[in-house]
Amino acid sequence: MGTPTDAVNEAHGLLLSALADTDVRLLRNDALLEFTAAAEAAGRAVDALRIQAAAEVAFHSRPELGEDRLSAKKGCRNAVELLSRISLASERTLTQRMRLGEATRPRLALSGETMPARFDRIADALGTGSIGYDSAAAIIDTLDPIRGRVGDLNVAHAETALVAAATGPTVESPVPFAADEIRGQARVWETVLDEDGTVPAEERAMLARGISAGVTRDGVVHRKMTLLPEIDAKFETLLNAYLNPRSKPSFNDPDPDAPKDPRASAQARHDVFASLIDGAARSASAPTIGGAAPTVLVSVRQADLDAGTGVGFVEGCEAPISMRAVEQFVCAGGQQHVVIGPDGTINCIGSNDRVFNATQRRAITLRDGGCIIPGCSIPAAWSEIHHVKAYRDGGETETCNGVLLCWFHHRTIETNGWQILMIDGVPHVKPPPWLRNGRSDADTPWRRSTKSRTQQADLLQQEQQTAPLPTLA
Ligand SMILES: [Zn+2]
């Protein structure tokens, strides 16, 4: 008799030959559906094997084993890392398999004896290939969190009913229920067993709060935020403070028919959030990492940066970022030239001197007072410093070449139509065509722009002094 691996290998070989021999496109009607059901049944058996294997690897890698952990012996931080090296599956999938596996694996009592699994009916159904991964997860994910409050007996009762519904004909249905229906039924059990009042709503909310890890899809990172109401209220208030209608661009009595802020409100909220994060990361009280302020590392190939094409990569983020985003990082955060040889060694490290220092930032803040685009209300602390003349065009990292821009206006400065010109070291702006009242570029004057109250007071005083005195007729 061969090893368990031999048995699985043999089945694998059979599946591979079925895969090679089958042309699914030739199947029609009932034959196609029979084939689909057979493939699913094989998949359920494979899923059960994967769940058992993950649970076993996790069990032998449990933290209390210290250096004897299987994961440690193989040079991995934990079971997930070890499993991902072997299976090449995603962390999310492996974590889910381990959770299911842990809930359906016989437990080890403190006395050393073996006890049934927390969900031993699901374990049986998985073991016979009669329940799928999705239905098992739906039951475990719903019932496990309430076990402490409703007791093992109640959970076992619900588990039995749900497994029956998922695997075979029941009183309610002549056919097994699908995973989504099982999840719905599990929720009903949850509300019946864990009636309101068992746990105060506030305590539930405290348990439910969280911000999920990001998942990259289509070039954006999706994160789920489950906020406590008071935190959400603060967040909303903060966003709204910088999204109010007063903060929309206005310049030279704009044409009322002109397009409004082109960003949808969700995008505008994103951009306020981006500025808020910038401000928090820069704050003097932000924690340091290894002595330095939290720094986001972006790497880009010199040739791509010079050509303005290609993409860059942010350390710790799987999605590549656009060259415009890289340029914004370079403009606001400086850059460091690192030459890495073909063999991977670091040949040369340049100094990072293209970033405005704290003294310069304070001076620019006093002069500009916030994002210098008229109508934008993002404050100085949340703004980035933009090199008006790009470093690669010979622009210097000096106060006379740096202005405050919020994240959005910085990101879009080359496309949003606003022009910036430093005249004797003072930022001046010219609005985009749709805010020029029909005037041509040449007829539109450069306007000094500052959000600083003291600077604005100065400007008003100057205007008063130079304006002709009203004369009585
Ligand atoms: Zn702005």
# chains A, B, ... in the order shown; residues from 1 in each chain; ligands from 1
$ residues_around --residues "stretch 50-56 of chain A" --least-positions-apart "3" --cutoff "10 Å" --atoms "only C-alpha atoms" --output "number ranges by chain"
A: 44-47, 59-62, 79-80, 82-83, 87, 94-105, 123, 126-127, 133
$ residues_near_ligand --ligand "ligand 1" --cutoff "12 Å" --atoms "only C-alpha atoms and all ligand atoms" --output "compact mmCIF listing (two decimals) with all heavy atoms, in the first residue's frame"
# COMPACT_ATOMS: atom_id res chain seq x y z
N TYR A 242 -13.81 69.93 4.28
CA TYR A 242 -12.98 70.31 3.14
C TYR A 242 -13.68 70.04 1.82
O TYR A 242 -13.09 70.14 0.76
CB TYR A 242 -11.63 69.59 3.22
CG TYR A 242 -10.90 70.05 4.45
CD1 TYR A 242 -10.95 69.32 5.62
CD2 TYR A 242 -10.23 71.27 4.45
CE1 TYR A 242 -10.33 69.76 6.77
CE2 TYR A 242 -9.61 71.72 5.59
CZ TYR A 242 -9.67 70.97 6.75
OH TYR A 242 -9.07 71.43 7.88
N LEU A 243 -14.94 69.68 1.89
CA LEU A 243 -15.69 69.40 0.67
C LEU A 243 -16.86 70.35 0.51
O LEU A 243 -17.68 70.18 -0.36
CB LEU A 243 -16.26 67.97 0.71
CG LEU A 243 -15.28 66.83 0.47
CD1 LEU A 243 -15.95 65.50 0.76
CD2 LEU A 243 -14.77 66.86 -0.96
N SER A 247 -15.80 75.72 -0.92
CA SER A 247 -14.41 75.43 -1.28
C SER A 247 -14.25 75.08 -2.76
O SER A 247 -13.20 74.72 -3.20
CB SER A 247 -13.88 74.29 -0.42
OG SER A 247 -14.55 73.10 -0.73
N LYS A 248 -15.34 75.18 -3.52
CA LYS A 248 -15.21 74.95 -4.95
C LYS A 248 -14.49 76.12 -5.60
O LYS A 248 -14.58 77.25 -5.12
CB LYS A 248 -16.61 74.75 -5.58
CG LYS A 248 -17.28 73.45 -5.14
CD LYS A 248 -16.57 72.26 -5.71
CE LYS A 248 -17.20 70.93 -5.38
NZ LYS A 248 -17.70 70.70 -4.07
N PRO A 249 -13.76 75.87 -6.71
CA PRO A 249 -12.98 76.94 -7.30
C PRO A 249 -13.82 78.16 -7.65
O PRO A 249 -14.93 78.03 -8.13
CB PRO A 249 -12.43 76.30 -8.58
CG PRO A 249 -12.53 74.85 -8.36
CD PRO A 249 -13.67 74.63 -7.43
N ASP A 261 -16.64 71.24 -10.35
CA ASP A 261 -15.57 70.34 -9.98
C ASP A 261 -15.81 68.99 -10.67
O ASP A 261 -16.85 68.36 -10.49
CB ASP A 261 -15.60 70.15 -8.45
CG ASP A 261 -14.40 69.38 -7.96
OD1 ASP A 261 -13.84 68.60 -8.74
OD2 ASP A 261 -14.03 69.57 -6.79
N ALA A 268 -13.73 62.98 -4.75
CA ALA A 268 -13.32 64.15 -3.98
C ALA A 268 -13.02 63.74 -2.53
O ALA A 268 -12.05 64.21 -1.92
CB ALA A 268 -14.41 65.21 -4.02
N ASP A 271 -9.72 62.19 -2.32
CA ASP A 271 -8.61 63.12 -2.42
C ASP A 271 -8.39 63.90 -1.12
O ASP A 271 -7.26 64.19 -0.73
CB ASP A 271 -8.84 64.08 -3.59
CG ASP A 271 -8.91 63.30 -4.92
OD1 ASP A 271 -8.53 62.10 -4.91
OD2 ASP A 271 -9.35 63.87 -5.92
N VAL A 272 -9.51 64.21 -0.43
CA VAL A 272 -9.36 64.85 0.88
C VAL A 272 -8.67 63.86 1.82
O VAL A 272 -7.76 64.22 2.57
CB VAL A 272 -10.73 65.27 1.46
CG1 VAL A 272 -10.58 65.73 2.90
CG2 VAL A 272 -11.35 66.36 0.61
N ALA A 274 -6.61 61.55 0.98
CA ALA A 274 -5.19 61.48 0.60
C ALA A 274 -4.40 62.61 1.26
O ALA A 274 -3.31 62.39 1.79
CB ALA A 274 -5.06 61.58 -0.93
N SER A 275 -4.97 63.81 1.26
CA SER A 275 -4.28 64.95 1.89
C SER A 275 -4.18 64.77 3.39
O SER A 275 -3.18 65.08 4.01
CB SER A 275 -5.03 66.24 1.58
OG SER A 275 -4.98 66.51 0.20
N ASP A 368 2.31 80.69 1.82
CA ASP A 368 1.18 80.18 1.02
C ASP A 368 -0.07 79.89 1.85
O ASP A 368 -1.18 79.96 1.33
CB ASP A 368 1.58 78.91 0.27
CG ASP A 368 2.68 79.19 -0.76
OD1 ASP A 368 2.97 80.38 -0.98
OD2 ASP A 368 3.22 78.22 -1.31
N GLY A 369 0.11 79.46 3.08
CA GLY A 369 -1.02 79.24 3.97
C GLY A 369 -1.88 78.01 3.69
O GLY A 369 -2.73 77.65 4.48
N GLY A 370 -1.68 77.34 2.58
CA GLY A 370 -2.48 76.16 2.22
C GLY A 370 -2.34 75.94 0.73
O GLY A 370 -1.58 76.65 0.06
N CYS A 371 -3.08 74.96 0.19
CA CYS A 371 -3.02 74.72 -1.26
C CYS A 371 -3.32 76.03 -1.98
O CYS A 371 -4.32 76.68 -1.71
CB CYS A 371 -4.06 73.66 -1.64
SG CYS A 371 -4.17 73.39 -3.42
N ILE A 372 -2.42 76.44 -2.88
CA ILE A 372 -2.55 77.79 -3.46
C ILE A 372 -3.59 77.89 -4.56
O ILE A 372 -3.82 78.96 -5.10
CB ILE A 372 -1.19 78.32 -4.00
CG1 ILE A 372 -0.69 77.44 -5.14
CG2 ILE A 372 -0.17 78.46 -2.89
CD1 ILE A 372 0.33 78.14 -6.02
N ILE A 373 -4.21 76.76 -4.93
CA ILE A 373 -5.23 76.85 -5.97
C ILE A 373 -6.46 77.55 -5.38
O ILE A 373 -7.00 77.10 -4.37
CB ILE A 373 -5.60 75.44 -6.51
CG1 ILE A 373 -4.38 74.76 -7.13
CG2 ILE A 373 -6.75 75.53 -7.52
CD1 ILE A 373 -3.74 75.50 -8.30
N PRO A 374 -6.91 78.65 -6.00
CA PRO A 374 -8.04 79.38 -5.44
C PRO A 374 -9.27 78.49 -5.29
O PRO A 374 -9.55 77.67 -6.17
CB PRO A 374 -8.29 80.48 -6.48
CG PRO A 374 -6.97 80.70 -7.13
CD PRO A 374 -6.32 79.35 -7.16
N GLY A 375 -9.96 78.62 -4.18
CA GLY A 375 -11.17 77.84 -3.95
C GLY A 375 -10.90 76.52 -3.26
O GLY A 375 -11.82 75.87 -2.79
N CYS A 376 -9.65 76.10 -3.18
CA CYS A 376 -9.33 74.84 -2.51
C CYS A 376 -9.08 75.12 -1.04
O CYS A 376 -8.40 76.07 -0.70
CB CYS A 376 -8.10 74.19 -3.14
SG CYS A 376 -7.67 72.62 -2.33
N SER A 377 -9.67 74.30 -0.17
CA SER A 377 -9.57 74.62 1.26
C SER A 377 -8.67 73.65 2.02
O SER A 377 -8.73 73.59 3.24
CB SER A 377 -10.96 74.65 1.87
OG SER A 377 -11.59 73.41 1.64
N ILE A 378 -7.86 72.88 1.30
CA ILE A 378 -6.97 71.96 2.02
C ILE A 378 -5.88 72.78 2.74
O ILE A 378 -5.20 73.59 2.13
CB ILE A 378 -6.34 70.94 1.05
CG1 ILE A 378 -7.42 70.07 0.41
CG2 ILE A 378 -5.32 70.07 1.77
CD1 ILE A 378 -8.15 69.13 1.33
N PRO A 379 -5.74 72.57 4.06
CA PRO A 379 -4.80 73.40 4.82
C PRO A 379 -3.34 73.03 4.55
O PRO A 379 -3.04 71.97 3.96
CB PRO A 379 -5.17 73.09 6.28
CG PRO A 379 -5.78 71.74 6.24
CD PRO A 379 -6.45 71.60 4.90
N ALA A 380 -2.46 73.91 5.01
CA ALA A 380 -1.03 73.73 4.75
C ALA A 380 -0.51 72.40 5.28
O ALA A 380 0.27 71.71 4.62
CB ALA A 380 -0.25 74.89 5.38
N TRP A 382 -1.73 69.65 5.42
CA TRP A 382 -2.09 68.50 4.60
C TRP A 382 -1.57 68.62 3.17
O TRP A 382 -1.86 67.76 2.34
CB TRP A 382 -3.61 68.35 4.53
CG TRP A 382 -4.28 68.04 5.81
CD1 TRP A 382 -3.72 67.99 7.06
CD2 TRP A 382 -5.67 67.75 6.00
NE1 TRP A 382 -4.66 67.69 8.00
CE2 TRP A 382 -5.87 67.54 7.37
CE3 TRP A 382 -6.75 67.65 5.14
CZ2 TRP A 382 -7.11 67.24 7.90
CZ3 TRP A 382 -7.99 67.34 5.67
CH2 TRP A 382 -8.17 67.14 7.04
N SER A 383 -0.87 69.70 2.88
CA SER A 383 -0.46 69.93 1.49
C SER A 383 0.95 69.43 1.22
O SER A 383 1.76 69.27 2.15
CB SER A 383 -0.54 71.42 1.16
OG SER A 383 -1.88 71.85 1.27
N GLU A 384 1.23 69.18 -0.04
CA GLU A 384 2.57 68.77 -0.46
C GLU A 384 3.27 70.00 -1.02
O GLU A 384 2.63 70.97 -1.40
CB GLU A 384 2.44 67.69 -1.56
CG GLU A 384 1.62 66.49 -1.11
CD GLU A 384 1.45 65.42 -2.18
OE1 GLU A 384 1.72 65.69 -3.37
OE2 GLU A 384 1.07 64.30 -1.80
N ILE A 385 4.60 69.93 -1.09
CA ILE A 385 5.31 71.05 -1.72
C ILE A 385 5.67 70.64 -3.14
O ILE A 385 6.30 69.62 -3.38
CB ILE A 385 6.59 71.44 -0.93
CG1 ILE A 385 6.22 71.76 0.52
CG2 ILE A 385 7.24 72.65 -1.59
CD1 ILE A 385 7.39 72.19 1.37
N HIS A 386 5.23 71.48 -4.07
CA HIS A 386 5.41 71.21 -5.49
C HIS A 386 6.58 72.05 -6.01
O HIS A 386 6.66 73.24 -5.71
CB HIS A 386 4.11 71.57 -6.21
CG HIS A 386 4.22 71.64 -7.70
ND1 HIS A 386 4.60 70.57 -8.48
CD2 HIS A 386 3.99 72.69 -8.55
CE1 HIS A 386 4.60 70.95 -9.75
NE2 HIS A 386 4.24 72.22 -9.83
N VAL A 403 5.82 75.51 -3.90
CA VAL A 403 4.52 76.03 -3.46
C VAL A 403 3.70 74.90 -2.86
O VAL A 403 3.91 73.73 -3.18
CB VAL A 403 3.71 76.67 -4.62
CG1 VAL A 403 4.45 77.86 -5.20
CG2 VAL A 403 3.41 75.64 -5.71
N LEU A 404 2.75 75.26 -2.01
CA LEU A 404 1.89 74.25 -1.41
C LEU A 404 0.76 73.88 -2.36
O LEU A 404 0.09 74.76 -2.90
CB LEU A 404 1.29 74.77 -0.09
CG LEU A 404 2.23 75.00 1.07
CD1 LEU A 404 1.44 75.46 2.30
CD2 LEU A 404 3.01 73.72 1.41
N LEU A 405 0.58 72.57 -2.57
CA LEU A 405 -0.57 72.06 -3.34
C LEU A 405 -1.13 70.87 -2.59
O LEU A 405 -0.38 70.08 -2.02
CB LEU A 405 -0.14 71.60 -4.74
CG LEU A 405 0.20 72.64 -5.81
CD1 LEU A 405 0.55 71.94 -7.11
CD2 LEU A 405 -0.96 73.60 -6.03
N CYS A 406 -2.45 70.74 -2.60
CA CYS A 406 -3.05 69.56 -1.99
C CYS A 406 -2.76 68.37 -2.89
O CYS A 406 -2.31 68.52 -4.02
CB CYS A 406 -4.56 69.74 -1.80
SG CYS A 406 -5.47 69.65 -3.35
N TRP A 407 -3.05 67.17 -2.39
CA TRP A 407 -2.74 65.95 -3.15
C TRP A 407 -3.37 66.00 -4.52
O TRP A 407 -2.73 65.72 -5.53
CB TRP A 407 -3.22 64.72 -2.37
CG TRP A 407 -2.96 63.46 -3.12
CD1 TRP A 407 -1.81 62.73 -3.11
CD2 TRP A 407 -3.84 62.81 -4.03
NE1 TRP A 407 -1.92 61.67 -3.96
CE2 TRP A 407 -3.16 61.69 -4.55
CE3 TRP A 407 -5.14 63.07 -4.48
CZ2 TRP A 407 -3.74 60.83 -5.47
CZ3 TRP A 407 -5.70 62.21 -5.40
CH2 TRP A 407 -5.00 61.10 -5.88
N PHE A 408 -4.67 66.37 -4.59
CA PHE A 408 -5.38 66.33 -5.87
C PHE A 408 -4.83 67.35 -6.85
O PHE A 408 -4.57 67.04 -8.02
CB PHE A 408 -6.88 66.56 -5.66
CG PHE A 408 -7.64 66.72 -6.94
CD1 PHE A 408 -7.84 65.64 -7.78
CD2 PHE A 408 -8.14 67.96 -7.34
CE1 PHE A 408 -8.53 65.77 -8.98
CE2 PHE A 408 -8.83 68.11 -8.53
CZ PHE A 408 -9.02 67.01 -9.35
N HIS A 409 -4.64 68.58 -6.38
CA HIS A 409 -4.14 69.60 -7.32
C HIS A 409 -2.70 69.32 -7.74
O HIS A 409 -2.30 69.69 -8.83
CB HIS A 409 -4.34 71.00 -6.72
CG HIS A 409 -5.77 71.43 -6.78
ND1 HIS A 409 -6.51 71.74 -5.66
CD2 HIS A 409 -6.63 71.54 -7.84
CE1 HIS A 409 -7.76 72.05 -6.03
NE2 HIS A 409 -7.84 71.93 -7.34
N HIS A 410 -1.95 68.66 -6.84
CA HIS A 410 -0.59 68.29 -7.22
C HIS A 410 -0.62 67.19 -8.28
O HIS A 410 0.07 67.26 -9.29
CB HIS A 410 0.17 67.81 -5.98
CG HIS A 410 1.66 67.81 -6.17
ND1 HIS A 410 2.52 67.30 -5.24
CD2 HIS A 410 2.43 68.27 -7.18
CE1 HIS A 410 3.77 67.44 -5.67
NE2 HIS A 410 3.73 68.02 -6.85
N ARG A 411 -1.46 66.18 -8.04
CA ARG A 411 -1.53 65.06 -8.97
C ARG A 411 -1.96 65.53 -10.36
O ARG A 411 -1.52 65.01 -11.37
CB ARG A 411 -2.50 64.00 -8.44
CG ARG A 411 -2.91 62.92 -9.44
CD ARG A 411 -1.75 62.13 -9.98
NE ARG A 411 -1.09 61.34 -8.97
CZ ARG A 411 -1.43 60.09 -8.65
NH1 ARG A 411 -2.39 59.50 -9.29
NH2 ARG A 411 -0.78 59.45 -7.71
N THR A 412 -2.87 66.53 -10.41
CA THR A 412 -3.45 66.90 -11.70
C THR A 412 -2.90 68.22 -12.24
O THR A 412 -3.47 68.77 -13.18
CB THR A 412 -4.98 67.02 -11.55
OG1 THR A 412 -5.26 67.98 -10.53
CG2 THR A 412 -5.63 65.70 -11.19
N ILE A 413 -1.80 68.71 -11.65
CA ILE A 413 -1.36 70.06 -12.01
C ILE A 413 -1.03 70.19 -13.50
O ILE A 413 -1.17 71.27 -14.07
CB ILE A 413 -0.15 70.51 -11.12
CG1 ILE A 413 0.05 72.02 -11.22
CG2 ILE A 413 1.11 69.75 -11.46
CD1 ILE A 413 -1.11 72.83 -10.70
N ASN A 416 -5.05 69.91 -15.02
CA ASN A 416 -6.26 70.59 -14.54
C ASN A 416 -6.40 72.02 -15.06
O ASN A 416 -7.38 72.69 -14.77
CB ASN A 416 -6.36 70.54 -13.01
CG ASN A 416 -5.20 71.24 -12.31
OD1 ASN A 416 -4.56 72.13 -12.89
ND2 ASN A 416 -4.92 70.85 -11.09
N TRP A 418 -4.79 74.77 -14.35
CA TRP A 418 -4.22 75.85 -13.54
C TRP A 418 -2.75 76.01 -13.89
O TRP A 418 -2.03 75.03 -14.04
CB TRP A 418 -4.38 75.55 -12.05
CG TRP A 418 -5.77 75.73 -11.56
CD1 TRP A 418 -6.72 74.76 -11.44
CD2 TRP A 418 -6.39 76.95 -11.15
NE1 TRP A 418 -7.90 75.29 -10.97
CE2 TRP A 418 -7.72 76.64 -10.78
CE3 TRP A 418 -5.95 78.26 -11.06
CZ2 TRP A 418 -8.61 77.60 -10.33
CZ3 TRP A 418 -6.85 79.22 -10.60
CH2 TRP A 418 -8.16 78.90 -10.25
N THR A 450 -2.40 83.34 -2.30
CA THR A 450 -1.97 82.89 -0.98
C THR A 450 -3.20 82.62 -0.13
O THR A 450 -4.24 83.26 -0.31
CB THR A 450 -1.08 83.93 -0.27
OG1 THR A 450 -0.73 83.42 1.02
CG2 THR A 450 -1.78 85.27 -0.12
N LYS A 451 -3.10 81.66 0.77
CA LYS A 451 -4.20 81.38 1.70
C LYS A 451 -3.85 81.91 3.08
O LYS A 451 -4.62 81.77 4.02
CB LYS A 451 -4.46 79.88 1.79
CG LYS A 451 -4.87 79.22 0.49
CD LYS A 451 -6.26 79.66 0.06
CE LYS A 451 -6.59 79.22 -1.36
NZ LYS A 451 -6.60 77.78 -1.55
$ residues_around --residues "stretch 440-444 of chain A" --least-positions-apart "3" --cutoff "10 Å" --atoms "only C-alpha atoms" --output "list in words"
Asn252, Lys430, Pro431, Pro432, Pro433, Arg436, Asn437 and Arg447 of chain A
$ write_last_selection --atoms "C-alpha atoms" --output "PDB file, in the first residue's frame"
ATOM      1  CA  ASN A 252     -12.711  86.169 -11.638  1.00  0.00           C
ATOM      2  CA  LYS A 430      -3.755  81.680 -13.819  1.00  0.00           C
ATOM      3  CA  PRO A 431      -7.086  79.821 -13.997  1.00  0.00           C
ATOM      4  CA  PRO A 432      -8.035  77.215 -16.593  1.00  0.00           C
ATOM      5  CA  PRO A 433      -9.979  78.407 -19.665  1.00  0.00           C
ATOM      6  CA  ARG A 436     -11.507  82.853 -17.477  1.00  0.00           C
ATOM      7  CA  ASN A 437     -14.819  84.465 -18.426  1.00  0.00           C
ATOM      8  CA  ARG A 447      -2.859  86.673  -9.846  1.00  0.00           C
TER       9      ARG A 447
END
$ closest_residue --among "A:Ala179, A:Ala390, A:Leu207, A:Ala186" --to "A:Glu327" --atoms "only C-alpha atoms"
A:Ala390
$ closest_residue --among "A:Asp134, A:Asp124, A:Ala241, A:Phe119" --to "A:Ala156" --atoms "only C-alpha atoms"
A:Phe119
$ residues_around --residues "A:Trp189" --least-positions-apart "5" --cutoff "9 Å" --atoms "only C-alpha atoms" --output "list in words"
Thr142, Leu143, Val155, Ala158, Gly184 and Asp194 of chain A
$ write_last_selection --atoms "all heavy atoms" --output "mmCIF file, in the first residue's frame"
data_model
loop_
_atom_site.group_PDB
_atom_site.id
_atom_site.type_symbol
_atom_site.label_atom_id
_atom_site.label_comp_id
_atom_site.auth_asym_id
_atom_site.auth_seq_id
_atom_site.Cartn_x
_atom_site.Cartn_y
_atom_site.Cartn_z
ATOM 1 N N THR A 142 -20.452 31.914 10.573
ATOM 2 C CA THR A 142 -21.597 32.529 11.252
ATOM 3 C C THR A 142 -21.752 32.015 12.684
ATOM 4 O O THR A 142 -22.042 32.788 13.594
ATOM 5 C CB THR A 142 -22.904 32.250 10.466
ATOM 6 O OG1 THR A 142 -22.677 32.541 9.096
ATOM 7 C CG2 THR A 142 -24.041 33.112 10.975
ATOM 8 N N LEU A 143 -21.558 30.721 12.871
ATOM 9 C CA LEU A 143 -21.832 30.151 14.195
ATOM 10 C C LEU A 143 -20.657 30.257 15.168
ATOM 11 O O LEU A 143 -20.855 30.371 16.375
ATOM 12 C CB LEU A 143 -22.254 28.678 14.067
ATOM 13 C CG LEU A 143 -23.559 28.406 13.299
ATOM 14 C CD1 LEU A 143 -23.893 26.919 13.350
ATOM 15 C CD2 LEU A 143 -24.711 29.222 13.883
ATOM 16 N N VAL A 155 -25.087 25.610 19.342
ATOM 17 C CA VAL A 155 -24.336 25.663 18.088
ATOM 18 C C VAL A 155 -24.412 24.291 17.396
ATOM 19 O O VAL A 155 -24.631 24.213 16.183
ATOM 20 C CB VAL A 155 -22.871 26.084 18.330
ATOM 21 C CG1 VAL A 155 -22.032 25.848 17.086
ATOM 22 C CG2 VAL A 155 -22.799 27.555 18.735
ATOM 23 N N ALA A 158 -27.782 23.887 15.676
ATOM 24 C CA ALA A 158 -27.850 24.644 14.428
ATOM 25 C C ALA A 158 -26.960 24.009 13.359
ATOM 26 O O ALA A 158 -27.347 23.897 12.192
ATOM 27 C CB ALA A 158 -27.413 26.089 14.682
ATOM 28 N N GLY A 184 -27.561 32.371 4.420
ATOM 29 C CA GLY A 184 -28.777 33.049 4.868
ATOM 30 C C GLY A 184 -29.440 32.305 6.029
ATOM 31 O O GLY A 184 -29.832 32.909 7.026
ATOM 32 N N ASP A 194 -28.931 33.916 19.235
ATOM 33 C CA ASP A 194 -28.238 35.017 19.894
ATOM 34 C C ASP A 194 -29.130 36.239 19.869
ATOM 35 O O ASP A 194 -28.875 37.213 19.187
ATOM 36 C CB ASP A 194 -26.926 35.282 19.122
ATOM 37 C CG ASP A 194 -26.017 36.233 19.885
ATOM 38 O OD1 ASP A 194 -26.198 36.351 21.110
ATOM 39 O OD2 ASP A 194 -25.140 36.837 19.256
#
$ select_by_dssp --residues "stretch 81-223 of chain A" --states "strand (DSSP E or B)" --output "PyMOL selection string"
chain A and resi 107-108+114-115+210-211+215-217+220-222
$ write_last_selection --atoms "C-alpha atoms" --output "compact mmCIF listing (two decimals), in the first residue's frame"
# COMPACT_ATOMS: atom_id res chain seq x y z
CA ARG A 107 -8.97 18.96 19.27
CA LEU A 108 -6.27 18.18 21.75
CA THR A 114 -8.30 13.84 21.66
CA MET A 115 -11.69 15.54 21.63
CA GLY A 210 -12.06 47.17 11.83
CA ILE A 211 -10.31 48.16 8.66
CA VAL A 215 -6.89 43.78 -1.80
CA THR A 216 -5.65 44.99 -5.17
CA ARG A 217 -8.05 44.69 -8.08
CA VAL A 220 -6.98 50.14 -7.08
CA VAL A 221 -6.79 48.81 -3.56
CA HIS A 222 -10.07 47.77 -1.98
$ residues_around --residues "stretch 229-232 of chain A" --least-positions-apart "4" --cutoff "10 Å" --atoms "only C-alpha atoms" --output "PyMOL selection string"
chain A and resi 205+209+225+236-238
$ write_last_selection --atoms "N, CA, C and O atoms" --output "PDB file, in the first residue's frame"
ATOM      1  N   ALA A 205     -20.573  46.097  18.475  1.00  0.00           N
ATOM      2  CA  ALA A 205     -19.939  47.067  17.573  1.00  0.00           C
ATOM      3  C   ALA A 205     -18.435  47.075  17.806  1.00  0.00           C
ATOM      4  O   ALA A 205     -17.644  47.120  16.860  1.00  0.00           O
ATOM      5  N   ARG A 209     -15.738  46.271  14.772  1.00  0.00           N
ATOM      6  CA  ARG A 209     -14.994  47.384  14.176  1.00  0.00           C
ATOM      7  C   ARG A 209     -13.728  46.870  13.478  1.00  0.00           C
ATOM      8  O   ARG A 209     -13.170  45.844  13.872  1.00  0.00           O
ATOM      9  N   MET A 225     -13.992  49.220   5.453  1.00  0.00           N
ATOM     10  CA  MET A 225     -13.919  49.905   6.736  1.00  0.00           C
ATOM     11  C   MET A 225     -15.216  49.672   7.486  1.00  0.00           C
ATOM     12  O   MET A 225     -16.293  49.915   6.957  1.00  0.00           O
ATOM     13  N   GLU A 236     -16.506  61.765   8.764  1.00  0.00           N
ATOM     14  CA  GLU A 236     -17.417  62.448   7.842  1.00  0.00           C
ATOM     15  C   GLU A 236     -17.314  63.971   8.014  1.00  0.00           C
ATOM     16  O   GLU A 236     -17.255  64.706   7.027  1.00  0.00           O
ATOM     17  N   THR A 237     -17.274  64.408   9.270  1.00  0.00           N
ATOM     18  CA  THR A 237     -17.197  65.845   9.527  1.00  0.00           C
ATOM     19  C   THR A 237     -15.914  66.420   8.954  1.00  0.00           C
ATOM     20  O   THR A 237     -15.893  67.482   8.332  1.00  0.00           O
ATOM     21  N   LEU A 238     -14.833  65.660   9.154  1.00  0.00           N
ATOM     22  CA  LEU A 238     -13.532  66.115   8.660  1.00  0.00           C
ATOM     23  C   LEU A 238     -13.544  66.207   7.134  1.00  0.00           C
ATOM     24  O   LEU A 238     -13.103  67.186   6.550  1.00  0.00           O
TER      25      LEU A 238
END
$ atom_distance --atom1 "atom CA of A:Asp278" --atom2 "atom CA of A:Ser299"
19.0 Å
